[in-house]
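Scroll down for the structure; my scribbles are underneath it.
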Amino acid sequence: MPFAGEQGRIESTMGAEPLKQISQTPAPEEVPGQFIPPAAHPPVWAQRLLLVVEVAIAVWAGLLVMVLPWTRLWTENPLLAGWPSVKFILGQSFVRGMISGIGLVDVWMGISDALRYRDLR
């Protein structure tokens with residue numbers, strides 16, 4: 001049962017013996033050039049399906065971001081009616097060009113992922 005010591009702290013009446021540490025096996029040291037087997041890879045069909053989905057999403061989103069700043073939806077956006085200064089900035093051609101450039105980079109990344117794809121076996 002705990003009791004209050006001279007300084008008002010609660011102290012334990014249990015012995016002051018040190019805690020025993022449970023021995024754990026040490027982690028294996030990595031030696032340069034040593035082959036470490038990879039974790040099990042998903043089947044090849046699943047890897048290829050994931051690639052197709054990733055590329056399709058990247059190209060679709062990139063095309064959307066590339067074309068959207070030049071449409072009527074961008075210039076007549078009712079969400080920006082309360083912020084005329086933001087609407088003015090987003091209406092500038094160089095801002096539209098920068099946003100279209102981001103879309104172009106997204107399309108490029110999707111196509112580049114498709115071209116650099118290698119199956120994990």
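In the structure tokens, each chain is lettered A, B, ... as it comes, each chain's residues begin at 1, and ligands are numbered from 1 in order of appearance.
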
Closest atom pairs, residues of region 49-93 of chain A within 8 Å of region 107-117 of chain A, only C-alpha atoms, as a Markdown table:
```
| residue | atom | partner | partner_atom | distance |
| --- | --- | --- | --- | --- |
| A:Leu51 | CA | A:Ala114 | CA | 7.0 |
| A:Val52 | CA | A:Ala114 | CA | 7.9 |
| A:Glu54 | CA | A:Gly110 | CA | 7.2 |
| A:Val55 | CA | A:Gly110 | CA | 4.7 |
| A:Ala56 | CA | A:Gly110 | CA | 7.6 |
| A:Ala58 | CA | A:Gly110 | CA | 5.2 |
| A:Val59 | CA | A:Val107 | CA | 4.6 |
| A:Trp60 | CA | A:Val107 | CA | 7.7 |
| A:Ala61 | CA | A:Val107 | CA | 7.8 |
| A:Gly62 | CA | A:Val107 | CA | 4.9 |
| A:Leu63 | CA | A:Val107 | CA | 6.9 |
```

(request) List the neighbours of Glu76 (chain A) out to 12 Å using only C-alpha atoms; skip same-chain residues closer than 6 positions along the sequence, and give me the result as an MDAnalysis selection string. (result) chainID A and resid 68:70 84 87:88 90:91

(request) Give me, please, the distance in Å between CA of Leu104 (chain A) and CA of Thr71 (chain A), quoted to one decimal. (result) 16.3 Å

(request) May I ask for the distance between CA of Arg121 (chain A) and CA of His41 (chain A), given in Å to one decimal place? (result) 6.8 Å

(request) Rounded to one decimal place, report the CA of Gln92 (chain A)-CA of Ile57 (chain A) distance in Å. (result)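 The value is 27.8 Å.
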